Structure formats: structure tokens, C-alpha cells
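**Q** See target-v7.csv below, with CSV, C-alpha atoms.
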```
chain,number,residue,atom,x,y,z
I,205,MET,CA,-5.4,24.6,-36.0
I,206,HIS,CA,-8.7,23.8,-37.6
I,207,GLU,CA,-11.9,23.3,-35.6
I,208,ALA,CA,-13.3,19.7,-35.9
I,209,VAL,CA,-17.1,19.4,-35.9
I,210,ILE,CA,-19.7,16.6,-35.9
I,211,VAL,CA,-22.1,17.0,-38.8
I,212,ASP,CA,-24.0,13.8,-38.2
I,213,VAL,CA,-23.9,10.7,-36.0
I,214,VAL,CA,-26.0,7.6,-36.3
I,215,ARG,CA,-26.3,4.0,-35.1
I,216,THR,CA,-28.2,0.8,-35.8
I,217,GLY,CA,-30.6,-0.5,-33.2
I,218,SER,CA,-29.1,-3.1,-31.0
I,219,GLY,CA,-29.5,-6.8,-31.8
I,220,ARG,CA,-29.2,-9.6,-29.3
I,221,GLY,CA,-25.7,-11.0,-29.7
I,222,LYS,CA,-26.8,-14.7,-29.4
I,223,GLY,CA,-29.9,-16.7,-29.6
I,224,GLY,CA,-31.2,-15.5,-33.0
I,225,GLY,CA,-31.2,-11.8,-32.6
I,226,ALA,CA,-32.5,-9.5,-35.3
I,227,LEU,CA,-29.1,-8.7,-36.7
I,228,ALA,CA,-27.5,-12.1,-36.3
I,229,ASP,CA,-27.9,-13.0,-40.0
I,230,THR,CA,-26.4,-9.7,-41.2
I,231,HIS,CA,-22.7,-9.7,-42.0
I,232,PRO,CA,-20.8,-7.1,-39.9
I,233,GLY,CA,-19.4,-5.6,-43.1
I,234,GLU,CA,-23.0,-5.0,-44.2
I,235,LEU,CA,-23.9,-3.6,-40.8
I,236,LEU,CA,-21.1,-1.1,-41.0
I,237,ALA,CA,-21.9,-0.3,-44.7
I,238,THR,CA,-25.4,0.5,-43.6
I,239,VAL,CA,-24.4,3.3,-41.3
I,240,LEU,CA,-21.8,4.7,-43.7
I,241,GLY,CA,-24.4,4.8,-46.5
I,242,ALA,CA,-26.9,6.5,-44.2
I,243,LEU,CA,-24.4,9.3,-43.4
I,244,LEU,CA,-23.9,10.0,-47.1
I,245,GLU,CA,-27.6,9.9,-47.9
I,246,ARG,CA,-28.8,12.0,-45.0
I,247,ASN,CA,-26.3,14.7,-45.8
I,248,SER,CA,-26.3,14.5,-49.6
I,249,LEU,CA,-22.6,14.0,-49.4
I,250,ASP,CA,-20.5,13.0,-52.5
I,251,GLY,CA,-18.4,10.1,-51.4
I,252,HIS,CA,-15.4,11.7,-53.1
I,253,GLU,CA,-15.3,14.3,-50.3
I,254,VAL,CA,-14.4,11.6,-47.7
I,255,ASP,CA,-10.7,11.5,-47.0
I,256,ASP,CA,-10.7,8.4,-44.8
I,257,VAL,CA,-12.8,5.9,-42.9
I,258,ILE,CA,-11.6,4.9,-39.5
I,259,ALA,CA,-13.5,2.0,-37.9
I,260,GLY,CA,-13.3,0.5,-34.4
I,261,CYS,CA,-13.6,-3.3,-34.1
I,262,VAL,CA,-12.4,-5.5,-31.3
I,263,SER,CA,-12.5,-9.1,-32.6
I,264,GLN,CA,-10.8,-8.7,-36.0
I,265,VAL,CA,-11.1,-12.3,-37.1
I,266,GLY,CA,-13.6,-14.3,-39.2
I,267,ASP,CA,-16.2,-12.1,-40.7
I,268,GLN,CA,-14.5,-9.1,-39.1
I,269,ALA,CA,-11.0,-9.8,-40.4
I,270,LEU,CA,-9.0,-8.1,-43.2
I,271,ASN,CA,-9.7,-4.5,-42.4
I,272,ILE,CA,-13.4,-4.2,-42.1
I,273,ALA,CA,-13.3,-0.4,-42.5
I,274,ARG,CA,-12.2,-0.9,-46.1
I,275,THR,CA,-14.6,-3.7,-46.7
I,276,ALA,CA,-17.6,-1.7,-45.4
I,277,ALA,CA,-16.5,1.5,-47.3
I,278,LEU,CA,-16.5,-0.4,-50.6
I,279,ALA,CA,-19.8,-2.2,-49.7
I,280,ALA,CA,-21.4,1.2,-49.0
I,281,GLY,CA,-20.5,2.4,-52.5
I,282,LEU,CA,-17.8,4.8,-51.5
I,283,PRO,CA,-15.3,5.5,-54.3
I,284,GLU,CA,-12.4,3.1,-54.5
I,285,THR,CA,-10.1,6.0,-53.8
I,286,VAL,CA,-11.4,6.3,-50.2
I,287,PRO,CA,-9.2,4.4,-47.9
I,288,GLY,CA,-10.1,2.8,-44.6
I,289,THR,CA,-8.3,1.5,-41.5
I,290,THR,CA,-9.5,-0.5,-38.4
I,291,VAL,CA,-8.4,0.2,-34.9
I,292,ASP,CA,-8.6,-1.8,-31.7
I,293,ARG,CA,-8.7,0.0,-28.3
I,294,GLN,CA,-10.9,-2.7,-26.9
I,295,CYS,CA,-14.3,-1.4,-25.8
I,296,GLY,CA,-13.3,2.1,-26.7
I,297,SER,CA,-12.3,1.4,-30.3
I,298,SER,CA,-14.9,3.6,-32.0
I,299,GLN,CA,-14.4,6.4,-29.5
I,300,GLN,CA,-10.7,6.2,-30.3
I,301,ALA,CA,-11.7,6.3,-34.0
I,302,VAL,CA,-13.5,9.5,-33.3
I,303,HIS,CA,-10.4,10.9,-31.6
I,304,PHE,CA,-8.2,10.0,-34.5
I,305,ALA,CA,-10.6,11.5,-37.0
I,306,ALA,CA,-11.1,14.7,-35.2
I,307,GLN,CA,-7.4,15.1,-34.4
I,308,GLY,CA,-6.6,14.5,-38.1
I,309,VAL,CA,-9.0,17.3,-39.0
I,310,MET,CA,-7.6,19.6,-36.4
I,311,ALA,CA,-4.1,19.0,-37.7
I,312,GLY,CA,-5.1,19.6,-41.3
I,313,ALA,CA,-4.5,16.0,-42.4
I,314,TYR,CA,-8.2,15.6,-43.2
I,315,GLU,CA,-11.1,17.8,-44.2
I,316,VAL,CA,-13.8,15.2,-44.2
I,317,VAL,CA,-13.5,11.8,-42.4
I,318,ILE,CA,-15.9,9.1,-41.1
I,319,ALA,CA,-15.3,7.5,-37.7
I,320,CYS,CA,-17.3,4.4,-37.2
I,321,GLY,CA,-17.4,1.0,-35.4
I,322,VAL,CA,-19.0,-2.4,-35.6
I,323,GLU,CA,-19.2,-5.7,-33.7
I,324,SER,CA,-21.3,-8.7,-34.5
I,325,MET,CA,-21.0,-10.7,-31.3
I,326,SER,CA,-23.4,-13.3,-32.9
I,327,ARG,CA,-21.1,-14.1,-35.7
I,328,VAL,CA,-17.7,-13.5,-34.1
I,329,GLN,CA,-17.6,-14.6,-30.5
I,330,MET,CA,-16.0,-12.4,-27.9
I,331,GLY,CA,-12.4,-13.6,-27.4
I,332,ALA,CA,-12.2,-15.3,-30.8
I,333,ALA,CA,-9.2,-13.2,-31.7
I,334,ASN,CA,-7.0,-14.9,-29.1
I,335,SER,CA,-8.1,-18.5,-29.7
I,336,GLY,CA,-5.2,-20.9,-29.8
I,337,GLY,CA,-2.6,-18.6,-28.3
I,338,ASP,CA,-1.4,-16.9,-25.1
I,339,PRO,CA,-1.2,-13.2,-25.9
I,340,LEU,CA,-0.6,-12.2,-22.3
I,341,GLN,CA,2.4,-14.5,-21.7
I,342,PRO,CA,4.9,-11.6,-21.9
I,343,LEU,CA,3.2,-10.0,-18.9
I,344,VAL,CA,3.9,-12.9,-16.5
I,345,PRO,CA,7.2,-11.4,-15.2
I,346,ARG,CA,5.5,-8.2,-14.4
I,347,TYR,CA,2.3,-9.7,-13.0
I,348,PRO,CA,3.3,-13.1,-11.7
I,349,GLU,CA,0.0,-13.7,-9.8
I,350,GLY,CA,-1.8,-13.3,-13.1
I,351,LEU,CA,-4.4,-10.8,-14.4
I,352,VAL,CA,-8.2,-11.5,-14.2
I,353,ASN,CA,-11.1,-11.2,-16.6
I,354,GLN,CA,-13.3,-8.1,-16.7
I,355,GLY,CA,-16.0,-9.7,-14.7
I,356,VAL,CA,-13.7,-10.4,-11.8
I,357,SER,CA,-12.4,-6.8,-12.1
I,358,ALA,CA,-16.0,-5.6,-11.8
I,359,GLU,CA,-16.4,-7.7,-8.7
I,360,LEU,CA,-13.2,-6.2,-7.2
I,361,ILE,CA,-14.5,-2.7,-7.9
I,362,ALA,CA,-17.8,-3.5,-6.3
I,363,ALA,CA,-16.0,-4.8,-3.2
I,364,ARG,CA,-13.5,-1.9,-3.0
I,365,TRP,CA,-16.3,0.7,-3.3
I,366,LYS,CA,-18.7,-1.4,-1.2
I,367,TRP,CA,-21.5,-1.7,-3.7
I,368,SER,CA,-24.1,-4.3,-2.6
I,369,ARG,CA,-25.9,-6.7,-4.9
I,370,GLU,CA,-29.0,-4.6,-4.3
I,371,ASP,CA,-27.2,-1.4,-5.4
I,372,LEU,CA,-26.1,-3.1,-8.6
I,373,ASP,CA,-29.5,-4.5,-9.5
I,374,GLU,CA,-31.4,-1.3,-8.7
I,375,TYR,CA,-29.1,0.6,-11.0
I,376,SER,CA,-29.5,-2.0,-13.7
I,377,ALA,CA,-33.3,-2.0,-13.5
I,378,ARG,CA,-33.2,1.8,-13.7
I,379,SER,CA,-31.1,1.6,-16.9
I,380,HIS,CA,-33.8,-0.5,-18.6
I,381,GLN,CA,-36.5,1.7,-17.3
I,382,ARG,CA,-34.8,4.9,-18.7
I,383,ALA,CA,-34.2,3.2,-22.0
I,384,ALA,CA,-37.7,2.0,-22.3
I,385,THR,CA,-39.1,5.4,-21.5
I,386,ALA,CA,-36.8,7.0,-24.2
I,387,ALA,CA,-37.8,4.4,-26.7
I,388,ALA,CA,-41.5,4.8,-26.0
I,389,ALA,CA,-41.2,8.6,-26.4
I,390,GLY,CA,-39.5,8.3,-29.7
I,391,TRP,CA,-36.2,9.8,-28.4
I,392,PHE,CA,-34.1,7.2,-30.3
I,393,ASP,CA,-35.9,7.6,-33.6
I,394,ARG,CA,-33.6,10.3,-35.1
I,395,GLU,CA,-30.4,8.4,-34.2
I,396,ILE,CA,-31.2,4.9,-35.4
I,397,VAL,CA,-31.0,3.9,-39.0
I,398,PRO,CA,-32.8,0.8,-40.1
I,399,VAL,CA,-31.2,-2.5,-41.1
I,400,GLY,CA,-33.9,-4.0,-43.2
I,401,PRO,CA,-37.0,-3.9,-41.0
I,402,HIS,CA,-35.0,-3.7,-37.7
I,403,ARG,CA,-34.9,-0.2,-36.3
I,404,HIS,CA,-35.1,-0.5,-32.5
I,405,ASP,CA,-33.1,-1.8,-29.5
I,406,GLU,CA,-34.1,-5.3,-28.9
I,407,THR,CA,-32.0,-5.5,-25.7
I,408,ILE,CA,-34.3,-3.2,-23.7
I,409,ARG,CA,-36.5,-4.9,-21.2
I,410,GLY,CA,-38.8,-2.3,-19.8
I,411,ASN,CA,-40.3,-4.7,-17.2
I,412,THR,CA,-37.0,-5.3,-15.5
I,413,THR,CA,-37.1,-5.0,-11.7
I,414,PRO,CA,-34.5,-5.3,-9.0
I,415,GLU,CA,-36.5,-8.2,-7.6
I,416,GLY,CA,-36.4,-10.0,-10.9
I,417,LEU,CA,-32.6,-9.4,-11.2
I,418,SER,CA,-32.0,-10.7,-7.7
I,419,ALA,CA,-32.8,-14.2,-8.8
I,420,LEU,CA,-29.8,-14.4,-11.2
I,421,ARG,CA,-26.7,-16.2,-10.2
I,422,ALA,CA,-23.2,-14.7,-10.1
I,423,ALA,CA,-21.5,-15.2,-13.4
I,424,PHE,CA,-17.8,-15.2,-12.6
I,425,ARG,CA,-17.5,-17.1,-9.3
I,426,SER,CA,-15.4,-20.3,-9.1
I,427,GLU,CA,-14.0,-22.1,-6.1
I,428,ASP,CA,-10.4,-21.1,-7.0
I,429,LEU,CA,-11.4,-17.4,-7.4
I,430,ALA,CA,-13.5,-17.4,-4.2
I,431,GLU,CA,-10.4,-18.7,-2.3
I,432,ARG,CA,-8.1,-16.1,-4.0
I,433,PHE,CA,-10.4,-13.2,-3.4
I,434,PRO,CA,-12.2,-13.6,0.0
I,435,GLU,CA,-13.3,-10.0,0.0
I,436,ILE,CA,-15.6,-10.5,-3.1
I,437,GLU,CA,-19.3,-11.1,-2.4
I,438,TRP,CA,-19.9,-12.2,-6.0
I,439,ALA,CA,-22.6,-9.9,-7.1
I,440,ILE,CA,-22.0,-9.5,-10.9
I,441,THR,CA,-24.6,-11.3,-12.9
I,442,PRO,CA,-25.9,-11.2,-16.5
I,443,GLY,CA,-28.5,-8.8,-15.3
I,444,ASN,CA,-26.2,-6.1,-14.0
I,445,SER,CA,-23.7,-6.5,-16.9
I,446,SER,CA,-24.0,-5.4,-20.6
I,447,PRO,CA,-25.4,-8.1,-22.9
I,448,LEU,CA,-23.7,-9.6,-25.9
I,449,THR,CA,-24.8,-7.3,-28.8
I,450,ASP,CA,-24.7,-6.8,-32.5
I,451,GLY,CA,-24.5,-3.3,-33.9
I,452,ALA,CA,-22.8,-0.5,-35.8
I,453,SER,CA,-22.4,3.3,-35.5
I,454,ALA,CA,-20.8,6.1,-37.5
I,455,ALA,CA,-20.0,9.9,-37.2
I,456,LEU,CA,-19.4,12.3,-40.0
I,457,ILE,CA,-16.6,14.6,-38.8
I,458,MET,CA,-15.1,17.5,-40.8
I,459,SER,CA,-13.5,20.9,-40.5
I,460,ALA,CA,-15.9,23.7,-39.7
I,461,GLU,CA,-14.7,25.5,-42.9
I,462,ARG,CA,-15.4,22.5,-45.1
I,463,ALA,CA,-18.9,22.0,-43.5
I,464,VAL,CA,-19.8,25.6,-44.4
I,465,ALA,CA,-18.4,25.2,-47.9
I,466,LEU,CA,-20.6,22.1,-48.4
I,467,GLY,CA,-23.7,23.8,-47.0
I,468,LEU,CA,-23.8,21.4,-44.0
I,469,ARG,CA,-24.7,22.5,-40.4
I,470,PRO,CA,-22.2,21.5,-37.7
I,471,ARG,CA,-24.1,19.9,-34.8
I,472,ALA,CA,-21.3,19.8,-32.2
I,473,ARG,CA,-17.7,20.6,-31.8
I,474,PHE,CA,-15.0,18.9,-29.9
I,475,ARG,CA,-13.7,20.5,-26.7
I,476,SER,CA,-11.2,18.0,-25.5
I,477,PHE,CA,-9.9,14.4,-25.8
I,478,ALA,CA,-8.2,12.1,-23.3
I,479,VAL,CA,-6.9,8.5,-23.3
I,480,THR,CA,-5.1,6.9,-20.4
I,481,GLY,CA,-3.8,3.6,-19.1
I,482,SER,CA,-4.8,2.3,-15.7
I,483,ASP,CA,-4.3,-0.7,-13.5
I,484,PRO,CA,-4.7,-3.7,-15.8
I,485,PHE,CA,-5.8,-5.8,-12.8
I,486,LEU,CA,-8.8,-3.6,-11.8
I,487,MET,CA,-8.9,-2.7,-15.5
I,488,LEU,CA,-12.2,-0.7,-15.4
I,489,THR,CA,-11.2,2.3,-13.3
I,490,GLY,CA,-9.5,4.3,-16.1
I,491,VAL,CA,-12.7,6.3,-16.6
I,492,ILE,CA,-11.8,8.3,-13.5
I,493,PRO,CA,-8.3,9.6,-14.5
I,494,ALA,CA,-9.5,9.9,-18.2
I,495,THR,CA,-12.4,12.2,-17.1
I,496,GLN,CA,-10.1,14.3,-15.0
I,497,MET,CA,-7.7,14.7,-17.9
I,498,ALA,CA,-10.5,15.6,-20.4
I,499,LEU,CA,-11.9,18.2,-17.9
I,500,ARG,CA,-8.4,19.7,-17.3
I,501,ARG,CA,-7.7,20.0,-21.0
I,502,ALA,CA,-11.0,21.7,-21.7
I,503,GLY,CA,-10.6,24.1,-18.8
I,504,LEU,CA,-13.9,22.9,-17.3
I,505,SER,CA,-15.2,21.8,-14.0
I,506,ILE,CA,-17.5,18.8,-13.7
I,507,GLU,CA,-20.4,21.1,-12.7
I,508,LYS,CA,-20.4,22.7,-16.2
I,509,ILE,CA,-21.3,19.4,-18.0
I,510,ASP,CA,-24.9,19.0,-18.8
I,511,ALA,CA,-25.0,15.2,-19.4
I,512,PHE,CA,-22.6,12.2,-19.1
I,513,GLU,CA,-22.4,8.9,-20.9
I,514,VAL,CA,-20.4,6.4,-18.8
I,515,ASN,CA,-20.4,3.0,-20.4
I,516,GLU,CA,-22.3,0.4,-18.5
I,517,ALA,CA,-20.0,-2.5,-19.1
I,518,PHE,CA,-20.9,-3.5,-15.6
I,519,ALA,CA,-23.0,-1.6,-13.1
I,520,PRO,CA,-20.2,-0.9,-10.6
I,521,VAL,CA,-18.4,1.2,-13.2
I,522,PRO,CA,-20.9,4.1,-13.6
I,523,LEU,CA,-21.8,3.9,-10.0
I,524,THR,CA,-18.2,4.3,-8.9
I,525,TRP,CA,-17.5,7.0,-11.4
I,526,ALA,CA,-20.6,9.1,-10.2
I,527,ARG,CA,-19.5,8.7,-6.6
I,528,GLU,CA,-15.9,9.7,-7.3
I,529,PHE,CA,-17.1,12.9,-9.1
I,530,ASP,CA,-20.1,13.6,-6.8
I,531,VAL,CA,-22.4,13.7,-9.8
I,532,ASP,CA,-26.1,13.3,-9.6
I,533,GLU,CA,-26.9,10.0,-11.2
I,534,ALA,CA,-29.9,11.6,-13.0
I,535,ARG,CA,-27.3,13.2,-15.3
I,536,VAL,CA,-25.5,9.9,-16.0
I,537,ASN,CA,-26.8,7.9,-18.9
I,538,PRO,CA,-30.1,9.7,-18.8
I,539,ARG,CA,-31.6,7.5,-21.6
I,540,GLY,CA,-30.2,4.3,-20.3
I,541,GLY,CA,-26.9,2.7,-20.9
I,542,ALA,CA,-25.3,-0.4,-22.2
I,543,ILE,CA,-27.0,-2.7,-19.7
I,544,ALA,CA,-30.2,-1.9,-21.5
I,545,LEU,CA,-29.0,-0.6,-24.9
I,546,GLY,CA,-26.3,-3.2,-25.4
I,547,HIS,CA,-22.6,-3.2,-25.9
I,548,PRO,CA,-21.5,-4.1,-29.4
I,549,LEU,CA,-17.8,-3.7,-28.4
I,550,GLY,CA,-16.3,-1.9,-31.4
I,551,ALA,CA,-19.4,0.2,-32.0
I,552,SER,CA,-20.1,1.3,-28.4
I,553,GLY,CA,-18.0,4.5,-28.3
I,554,ILE,CA,-20.0,6.1,-31.1
I,555,ARG,CA,-23.2,4.6,-29.8
I,556,LEU,CA,-22.6,6.7,-26.6
I,557,LEU,CA,-21.7,9.7,-28.7
I,558,THR,CA,-24.9,9.4,-30.8
I,559,THR,CA,-27.2,9.2,-27.9
I,560,MET,CA,-25.4,12.0,-26.1
I,561,VAL,CA,-25.6,14.4,-29.0
I,562,HIS,CA,-29.3,13.8,-29.5
I,563,HIS,CA,-30.1,14.0,-25.8
I,564,LEU,CA,-28.3,17.4,-25.5
I,565,GLU,CA,-30.1,18.7,-28.6
I,566,ASP,CA,-33.5,17.5,-27.3
I,567,THR,CA,-33.0,19.1,-23.9
I,568,ASN,CA,-31.2,22.3,-25.0
I,569,GLY,CA,-28.1,21.2,-23.3
I,570,SER,CA,-24.6,22.4,-24.3
I,571,LEU,CA,-21.8,20.3,-22.9
I,572,GLY,CA,-21.5,16.5,-22.8
I,573,LEU,CA,-18.8,14.1,-21.6
I,574,GLN,CA,-18.5,10.5,-22.5
I,575,THR,CA,-16.0,8.0,-21.1
I,576,MET,CA,-15.4,4.3,-21.7
I,577,CYS,CA,-13.5,1.7,-19.7
I,578,GLU,CA,-11.4,-0.7,-21.8
I,579,GLY,CA,-9.8,-4.1,-21.6
I,580,GLY,CA,-6.2,-4.2,-20.4
I,581,GLY,CA,-6.7,-1.2,-18.2
I,582,MET,CA,-7.3,1.9,-20.4
I,583,ALA,CA,-10.0,4.5,-20.9
I,584,ASN,CA,-11.0,7.2,-23.3
I,585,ALA,CA,-12.9,10.4,-22.5
I,586,THR,CA,-14.4,13.0,-24.9
I,587,ILE,CA,-16.0,16.4,-24.2
I,588,ILE,CA,-18.3,17.9,-26.9
I,589,GLU,CA,-20.2,21.1,-27.2
I,590,VAL,CA,-23.5,21.1,-29.0
I,591,LEU,CA,-24.0,24.0,-31.4
I,592,GLY,CA,-27.3,25.9,-31.8
```
Just give me the structure of the file as C-alpha cells.

**A**
Amino acid sequence: MHEAVIVDVVRTGSGRGKGGGALADTHPGELLATVLGALLERNSLDGHEVDDVIAGCVSQVGDQALNIARTAALAAGLPETVPGTTVDRQCGSSQQAVHFAAQGVMAGAYEVVIACGVESMSRVQMGAANSGGDPLQPLVPRYPEGLVNQGVSAELIAARWKWSREDLDEYSARSHQRAATAAAAGWFDREIVPVGPHRHDETIRGNTTPEGLSALRAAFRSEDLAERFPEIEWAITPGNSSPLTDGASAALIMSAERAVALGLRPRARFRSFAVTGSDPFLMLTGVIPATQMALRRAGLSIEKIDAFEVNEAFAPVPLTWAREFDVDEARVNPRGGAIALGHPLGASGIRLLTTMVHHLEDTNGSLGLQTMCEGGGMANATIIEVLG
């Protein structure tokens, strides 16, 4: 079996996903082509070396339809002989693209492959892919009471683990403060590639306070839901959730042997992968069994991990994860998470990976674990080891 390594990993800065954000006028194929081109340029890599491009994208309609991986590869100037495919594992789509890429290298199917992801939530609205249909109708016999949306799932998690509104808002303000500190210190500079003049995360609000967040109204409460779920206190707001975001990300993955032959320095290697299904009603708790599976496969205990990236789709998710594993929150999303940095669905998995690799390098850390909750009750987890 070949060893799969990360040679480079980059992302765009986040753009607000509605209301005229900095990336709203950029076609998602162009966003993705930007990070693909950056990988080639930064590493002086001949595009003919690339065996495949695997892209994550959730809403594969409109501007993001017709296999955006192939569109972006051609737009980036890659040779016509380089194929591309687009995958959807909901919020974990680009993390799954990384898994497929690395596993292909390990199996000998690839030598050089780019995993990437994109989502323009300005141009393709969340949920657009299921407009005019009822994709969950076949589940009615198994779940006759009906499933709920992710916001209600987050409310149910907050109720089950007894997180107060104050807990959620304090965590969310801390995410913005950490991200603002990292941005001011230049810690994101190496990982962000510009899209025109835009090269920062415009979703960060460094002046966010718990007191300010407390004024926001619950986003998912309705009279029918309040009657159905009397245990919910309705604490999930736009302030303790990830915002709609535009962005793209990409990772250059290859066999260690090919990296050496090309004169490139591997920055990290993969220690283990996991993907699991979980309760589609709670939906967001799969990060717990996925983490357990990844640790077991790597032969590691949680104490050995230097830093964690747990996607902040909603504040109860990382809070619950940290409690379940008895992990100091200072090691979880140390540079802020999706509440501050945004959640461009199909790009978020590699956004987490990008930030984790750079944080570990900057702090002389070694092992990092990232995990992502996903729609429909699934989760991915990945453990990497940074190489000196």
C-alpha cells in the first residue's frame, strides 16, 4: 500500500452568502478554478501529472450543475485529458473528496489527485436541488412522524445535552474572537488565495459579544414545532449558527514516492479515515461515533491529538462533541470555526483541513483530527500527521 500525503492545501477567503458579499458575483466554477490554479502555480506542477479532480458540492443545480469538477478543471487550464467528478455527502462533501483521493492513492489507482470543494450560496440557494420534488417521501414508512430540518436537530441536541442559550452564545462569540485574533495576526495569510482583490474572511465579526447575540430571535421555532417538542427552549439563532457563505478549497494529494520524484515536500500524511451514518432525526451527532472510529483505526487515544476541527454548523455540535470526549475547548477550533469563518457547504471539509494543517505547522503540533456532521445523519472524520 502506498502512503498518501498532502503536498499543499488552500482555500479562498469566505464571502457572505447573501446581501452582496465579496464573492457573490463570481461564478462557482471560477471560484473552484481559482484554487485549482493556485495549487498548480504554488507547486510548479505540470497539469498532466494530475490523475483526477474530485470536488465536493452540495447543491448541484444551476451554476453548480453538470459536474462542476470538470468545469473548474477546464477553466483552470488543466489538460483536457484530466477528468473530474463531483460528490455529495452534504456538508462533508469535500472531506469525502479528500478521503476518496487519498484512498485512491493508497490503493495505487492514483499517483497525483486534487480533492476540492465549492459552494456559492449567493448564486445557488441552499435547498435548491430539491425544489419541486419530495426526495424524502420513500422514508415515510420508516419514519412516519417525519424528520426535521437541521436547525430543529440542533435544538434537540441542545435540549438533550442541556446547553443553555447563554452557553451557545458565549461559544459563538468566542469563535469570532478567535478568528479575529488569527486574522489580525496573519495566521490565515498562507492558506488563503485571492479571488481578485478579495483575500480575507468577511464573515468574521471580531466585536461579537454574548450580550449582542442574546438579542437575536430563535430561527426555527413555530407553533406546531413548539407543541411537538415541548422540551426545546428554542435557543438556535443566526448568531450561534454558521452563516450562508461562498467559498472554495482544494488539496493536492499524492503518493509519497511521487512527491519525492517531483521534488515536492509532503506537509502531512493521513493516519486514518472514518465515515458513518447516524440517527437522521438528530442528524448532527454522527461526529461522535465517527471520531471514535477514526481514533480506533489509527490506534490513537484522544489525548494524543494536538488540535481538533469540529465543524460549527451550530454551536451545540462542537460543545457536545467536546463534552463527550472530555476535551479542553481550547484545542477545538483554535482559530475559530464556521460560526465565524463561514460554512460554504461543499468546500467546508477542506476549509477545516486547510486551517488545521497550517495551525499544526505554526504551533509545532503533530496530530490533528477533523470531523464534520452531515445532513441526513452522517459524519466524516480524518486524522492527519504533520511532517517536519

**Q** Which neighbours of Val521 of chain I fall inside 9 Å, counting only C-alpha atoms, when residues of the same chain fewer than 4 positions from it are skipped, and could you give them as a tab-separated table (two decimals) with C-alpha atoms, in the coordinates of the input?

**A**
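See out_32.tsv below for the written result:
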```
chain	number	residue	atom	x	y	z
I	358	ALA	CA	-16.00	-5.60	-11.80
I	361	ILE	CA	-14.50	-2.70	-7.90
I	362	ALA	CA	-17.80	-3.50	-6.30
I	488	LEU	CA	-12.20	-0.70	-15.40
I	489	THR	CA	-11.20	2.30	-13.30
I	491	VAL	CA	-12.70	6.30	-16.60
I	514	VAL	CA	-20.40	6.40	-18.80
I	515	ASN	CA	-20.40	3.00	-20.40
I	516	GLU	CA	-22.30	0.40	-18.50
I	517	ALA	CA	-20.00	-2.50	-19.10
I	525	TRP	CA	-17.50	7.00	-11.40
I	526	ALA	CA	-20.60	9.10	-10.20
I	577	CYS	CA	-13.50	1.70	-19.70
```

**Q** Quick one, how far is atom CA of Leu340 of chain I from atom CA of Val356 of chain I?

**A**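 Here the two named atoms are 16.9 Å from each other.
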
**Q** Could you check how far atom CA of Gly223 of chain I sits from atom CA of Ser418 of chain I, in Å to one decimal?

**A** 22.8 Å

**Q** So that I can see what lies close to Glu406 of chain I, please list as an MDAnalysis selection string the residues with an atom at most 10 Å from it, counting all atoms listed in the file and leaving out residues fewer than 5 positions away in the same chain.

**A** chainID I and resid 217:220 225:227 449 544:546

**Q** Given the selection you just returned, output its residues as a file containing C-alpha atoms, formatted as an mmCIF file, keeping the file's coordinate frame.

**A**
```cif
data_model
loop_
_atom_site.group_PDB
_atom_site.id
_atom_site.type_symbol
_atom_site.label_atom_id
_atom_site.label_comp_id
_atom_site.auth_asym_id
_atom_site.auth_seq_id
_atom_site.Cartn_x
_atom_site.Cartn_y
_atom_site.Cartn_z
ATOM 1 C CA GLY I 217 -30.600 -0.500 -33.200
ATOM 2 C CA SER I 218 -29.100 -3.100 -31.000
ATOM 3 C CA GLY I 219 -29.500 -6.800 -31.800
ATOM 4 C CA ARG I 220 -29.200 -9.600 -29.300
ATOM 5 C CA GLY I 225 -31.200 -11.800 -32.600
ATOM 6 C CA ALA I 226 -32.500 -9.500 -35.300
ATOM 7 C CA LEU I 227 -29.100 -8.700 -36.700
ATOM 8 C CA THR I 449 -24.800 -7.300 -28.800
ATOM 9 C CA ALA I 544 -30.200 -1.900 -21.500
ATOM 10 C CA LEU I 545 -29.000 -0.600 -24.900
ATOM 11 C CA GLY I 546 -26.300 -3.200 -25.400
#
```

**Q** Near Ser324 of chain I, within 12 Å and counting all atoms listed in the file, which residues show up once chain neighbours fewer than 3 positions away are dropped, as a PyMOL selection string?

**A** chain I and resi 216+218-222+225-236+261-269+272+321+327-330+332+448-452+546-552

**Q** Go through I:Ile457, I:Asn271, I:Glu349, I:Glu513 one by one, measure the shortest atom-to-atom distance of each to Arg432 of chain I using all atoms listed in the file, and give the residue with the smallest value.

**A**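 Answer, going by the shortest atom-to-atom distance: I:Glu349.
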
**Q** Identify which of the residues I:Leu573, I:Ala363, I:Leu504, I:Ala377 lies closest to Thr558 of chain I, counting only C-alpha atoms when measuring atom-to-atom distances.

**A**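 So, comparing all the options, the nearest one is I:Leu573.
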
**Q** Which distance in Å separates atom CA of Thr413 of chain I and atom CA of Ser446 of chain I, to one decimal?

**A**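 Between atom CA of Thr413 of chain I and atom CA of Ser446 of chain I the gap is 15.8 Å.
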
**Q** Using only C-alpha atoms, which residues of segment 527-571 of chain I come within 9 Å of segment 472-483 of chain I, and what is the closest atom pair for each, with the distance in Å to one decimal? Give it as CSV, sorted by chain and residue number.

**A**
```
residue,atom,partner,partner_atom,distance
I:Val561,CA,I:Ala472,CA,7.6
I:Ser570,CA,I:Ala472,CA,8.9
I:Leu571,CA,I:Arg475,CA,8.9
```

**Q** So which residues touch Leu466 of chain I within 12 Å, counting all atoms listed in the file, skipping near sequence neighbours fewer than 5 positions away, as a PyMOL selection string?

**A** chain I and resi 211+247-250+253+315-316+458-461

**Q** Which residue is closest to Asp373 of chain I? Choose from I:Val352, I:Ile440, I:Leu556, I:Val209 and count only C-alpha atoms.

**A**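 The closest residue to Asp373 of chain I is I:Ile440.
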
**Q** Give the answer as one residue: which of I:Lys508, I:His563, I:Arg462, I:Arg274 has the shortest atom-to-atom distance to His206 of chain I, using only C-alpha atoms?

**A**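 Looking only at the distances to His206 of chain I, the closest residue turns out to be I:Arg462.
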
**Q** Nearest to Ser368 of chain I: which of I:Pro287, I:Glu437, I:Gly467, I:Leu282 is it, counting all atoms listed in the file?

**A** I:Glu437

**Q** Closest to Arg346 of chain I among I:Trp365, I:Gly572, I:Phe485, I:Ala583, using all atoms listed in the file?

**A** I:Phe485
